Amino acid sequence: MRCVIARFPFDLTKSGVLDSMKGVKPETITGESVIIGRCHYPVKQVGEVITRQDRRDFTSGEVTRAMARLGFTCRTPEVAPVPRALSPLQNASALLGSPAPLEP
């Protein structure tokens with residue numbers, strides 16, 4: 001399959017990628033990853049090995065698209081939802097607390 005990574009065309013095959021990654025020790029995954037064989041590799045590491053380019057020359061999205069088109073399983077990290085910030089009025093109300101109940 002022909003794909004473009006960092007403005008350079010590459011003819012990649014699934015077997016070629018498997019051969020290139022054989023014997024390569026996976027690095028610690030901090031972002032997107034690709035499952036090749038039974039190992040989970042960071043996308044940037046796979047891109048560096050198969051293209052022989054510096055990791056700064058391509059994006060993880062370019063490599064992820066290429067690997068997905070070849071039939072590899074690609075994963076993105078789970079991102080926790082960002083809590084909504086309180087308005088100044090809501091923040092003041094939270095700091096003051098609820099009023100004490102009135103005694104009869």
# chains A, B, ... in the order shown; residues from 1 in each chain; ligands from 1
>>> select_by_dssp(residues="chain A", states="helix (DSSP H, G or I)", output="number ranges by chain")
A: 14-21, 43-51, 55-57, 60-70, 88-96
>>> write_last_selection(atoms="N, CA and C atoms", output="CSV table (one decimal), in the first residue's frame")
chain,number,residue,atom,x,y,z
A,14,LYS,N,1.9,-5.2,5.2
A,14,LYS,CA,1.7,-5.7,6.5
A,14,LYS,C,2.9,-6.6,6.9
A,15,SER,N,3.3,-7.5,6.0
A,15,SER,CA,4.4,-8.4,6.2
A,15,SER,C,5.7,-7.6,6.4
A,16,GLY,N,5.9,-6.5,5.6
A,16,GLY,CA,7.1,-5.7,5.7
A,16,GLY,C,7.2,-5.0,7.0
A,17,VAL,N,6.1,-4.5,7.5
A,17,VAL,CA,6.0,-3.9,8.9
A,17,VAL,C,6.4,-4.9,9.9
A,18,LEU,N,5.8,-6.1,9.8
A,18,LEU,CA,6.0,-7.2,10.8
A,18,LEU,C,7.5,-7.5,10.8
A,19,ASP,N,8.1,-7.7,9.6
A,19,ASP,CA,9.6,-8.0,9.5
A,19,ASP,C,10.4,-6.9,10.1
A,20,SER,N,10.0,-5.6,9.8
A,20,SER,CA,10.8,-4.5,10.3
A,20,SER,C,10.8,-4.4,11.9
A,21,MET,N,9.6,-4.7,12.5
A,21,MET,CA,9.5,-4.6,13.9
A,21,MET,C,9.9,-5.8,14.7
A,43,VAL,N,3.3,4.7,18.5
A,43,VAL,CA,3.2,5.0,17.1
A,43,VAL,C,4.4,5.6,16.6
A,44,LYS,N,5.0,6.6,17.3
A,44,LYS,CA,6.2,7.3,16.9
A,44,LYS,C,7.4,6.3,16.7
A,45,GLN,N,7.5,5.3,17.6
A,45,GLN,CA,8.6,4.3,17.5
A,45,GLN,C,8.4,3.5,16.2
A,46,VAL,N,7.2,3.1,15.9
A,46,VAL,CA,6.9,2.3,14.7
A,46,VAL,C,7.2,3.2,13.4
A,47,GLY,N,6.8,4.4,13.5
A,47,GLY,CA,7.1,5.3,12.3
A,47,GLY,C,8.6,5.5,12.1
A,48,GLU,N,9.3,5.6,13.2
A,48,GLU,CA,10.8,5.8,13.0
A,48,GLU,C,11.4,4.6,12.4
A,49,VAL,N,11.0,3.4,12.9
A,49,VAL,CA,11.6,2.2,12.4
A,49,VAL,C,11.2,1.9,10.9
A,50,ILE,N,10.0,2.1,10.5
A,50,ILE,CA,9.6,1.7,9.2
A,50,ILE,C,10.0,2.8,8.1
A,51,THR,N,10.1,4.1,8.6
A,51,THR,CA,10.4,5.1,7.6
A,51,THR,C,11.9,5.5,7.7
A,55,ARG,N,11.7,11.1,14.5
A,55,ARG,CA,10.3,11.2,15.0
A,55,ARG,C,9.7,12.6,14.9
A,56,ARG,N,10.5,13.6,14.9
A,56,ARG,CA,10.0,15.0,14.8
A,56,ARG,C,9.5,15.3,13.4
A,57,ASP,N,9.9,14.4,12.4
A,57,ASP,CA,9.5,14.7,11.0
A,57,ASP,C,8.1,14.3,10.6
A,60,SER,N,2.0,11.5,14.7
A,60,SER,CA,1.5,10.2,15.0
A,60,SER,C,0.2,9.9,14.2
A,61,GLY,N,-0.5,10.9,13.8
A,61,GLY,CA,-1.7,10.7,13.0
A,61,GLY,C,-1.4,10.0,11.7
A,62,GLU,N,-0.3,10.5,11.0
A,62,GLU,CA,0.1,9.9,9.7
A,62,GLU,C,0.4,8.4,9.9
A,63,VAL,N,1.1,8.1,10.9
A,63,VAL,CA,1.5,6.7,11.1
A,63,VAL,C,0.3,5.9,11.5
A,64,THR,N,-0.6,6.4,12.4
A,64,THR,CA,-1.8,5.7,12.8
A,64,THR,C,-2.7,5.4,11.6
A,65,ARG,N,-2.9,6.4,10.7
A,65,ARG,CA,-3.7,6.1,9.5
A,65,ARG,C,-3.1,5.0,8.7
A,66,ALA,N,-1.8,5.0,8.4
A,66,ALA,CA,-1.1,4.0,7.6
A,66,ALA,C,-1.3,2.7,8.2
A,67,MET,N,-1.0,2.6,9.5
A,67,MET,CA,-1.1,1.2,10.2
A,67,MET,C,-2.5,0.7,10.2
A,68,ALA,N,-3.5,1.6,10.4
A,68,ALA,CA,-4.9,1.2,10.4
A,68,ALA,C,-5.3,0.7,9.0
A,69,ARG,N,-4.8,1.3,8.0
A,69,ARG,CA,-5.1,0.9,6.6
A,69,ARG,C,-4.5,-0.4,6.3
A,70,LEU,N,-3.4,-0.7,6.9
A,70,LEU,CA,-2.7,-2.0,6.7
A,70,LEU,C,-3.4,-3.1,7.6
A,88,PRO,N,-17.5,32.7,39.4
A,88,PRO,CA,-17.2,33.3,40.7
A,88,PRO,C,-18.3,33.3,41.7
A,89,LEU,N,-19.5,33.4,41.3
A,89,LEU,CA,-20.7,33.3,42.2
A,89,LEU,C,-20.8,31.9,42.8
A,90,GLN,N,-20.7,30.9,41.9
A,90,GLN,CA,-20.7,29.5,42.4
A,90,GLN,C,-19.6,29.2,43.3
A,91,ASN,N,-18.4,29.7,43.0
A,91,ASN,CA,-17.2,29.5,43.9
A,91,ASN,C,-17.5,30.1,45.3
A,92,ALA,N,-18.0,31.3,45.3
A,92,ALA,CA,-18.2,32.0,46.6
A,92,ALA,C,-19.3,31.3,47.4
A,93,SER,N,-20.3,30.8,46.7
A,93,SER,CA,-21.4,30.0,47.4
A,93,SER,C,-20.9,28.7,48.0
A,94,ALA,N,-20.0,28.1,47.2
A,94,ALA,CA,-19.4,26.8,47.7
A,94,ALA,C,-18.5,27.1,48.9
A,95,LEU,N,-17.8,28.2,48.9
A,95,LEU,CA,-16.9,28.5,50.1
A,95,LEU,C,-17.7,28.9,51.3
A,96,LEU,N,-18.8,29.6,51.1
A,96,LEU,CA,-19.6,30.0,52.3
A,96,LEU,C,-20.4,28.8,52.8
>>> closest_residue(among="A:Pro101, A:Pro81, A:Met1, A:Ala6", to="Arg52 of chain A", atoms="only C-alpha atoms")
A:Ala6
>>> atom_distance(atom1="atom CA of Gly71 of chain A", atom2="atom CA of Ser33 of chain A")
13.7 Å
>>> residues_around(residues="Asp11 of chain A", least_positions_apart="4", cutoff="9 Å", atoms="only C-alpha atoms", output="list in words")
Met1, Arg2, Cys3 and Val4 of chain A
>>> write_last_selection(atoms="C-alpha atoms", output="PDB file, in the first residue's frame")
ATOM      1  CA  MET A   1       0.000   0.000   0.000  1.00  0.00           C
ATOM      2  CA  ARG A   2       1.301   3.419  -0.883  1.00  0.00           C
ATOM      3  CA  CYS A   3       1.089   6.065   1.834  1.00  0.00           C
ATOM      4  CA  VAL A   4       2.644   9.456   2.477  1.00  0.00           C
TER       5      VAL A   4
END
>>> atom_distance(atom1="atom CA of Pro42 of chain A", atom2="atom CA of Asp54 of chain A")
14.2 Å
>>> atom_distance(atom1="atom CA of Thr30 of chain A", atom2="atom CA of Cys74 of chain A")
13.6 Å
>>> closest_residue(among="A:Thr76, A:Ser87, A:Phe58, A:Arg38", to="Arg7 of chain A", atoms="only C-alpha atoms")
A:Phe58
>>> select_by_dssp(residues="segment 36-72 of chain A", states="strand (DSSP E or B)", output="ChimeraX atom specification")
/A:36,39-42
>>> write_last_selection(atoms="N, CA and C atoms", output="JSON list (two decimals), in the first residue's frame")
[["chain", "number", "residue", "atom", "x", "y", "z"],
["A", 36, "ILE", "N", 1.38, -4.76, 17.10],
["A", 36, "ILE", "CA", 2.04, -5.48, 16.01],
["A", 36, "ILE", "C", 2.48, -6.82, 16.57],
["A", 39, "CYS", "N", 2.84, -7.44, 20.56],
["A", 39, "CYS", "CA", 3.43, -6.32, 21.30],
["A", 39, "CYS", "C", 2.71, -5.01, 21.01],
["A", 40, "HIS", "N", 2.67, -4.16, 22.01],
["A", 40, "HIS", "CA", 2.12, -2.81, 21.87],
["A", 40, "HIS", "C", 3.30, -1.85, 21.72],
["A", 41, "TYR", "N", 3.34, -1.13, 20.61],
["A", 41, "TYR", "CA", 4.41, -0.18, 20.32],
["A", 41, "TYR", "C", 3.85, 1.23, 20.27],
["A", 42, "PRO", "N", 4.62, 2.23, 20.73],
["A", 42, "PRO", "CA", 4.21, 3.63, 20.51],
["A", 42, "PRO", "C", 4.23, 3.92, 19.01]]
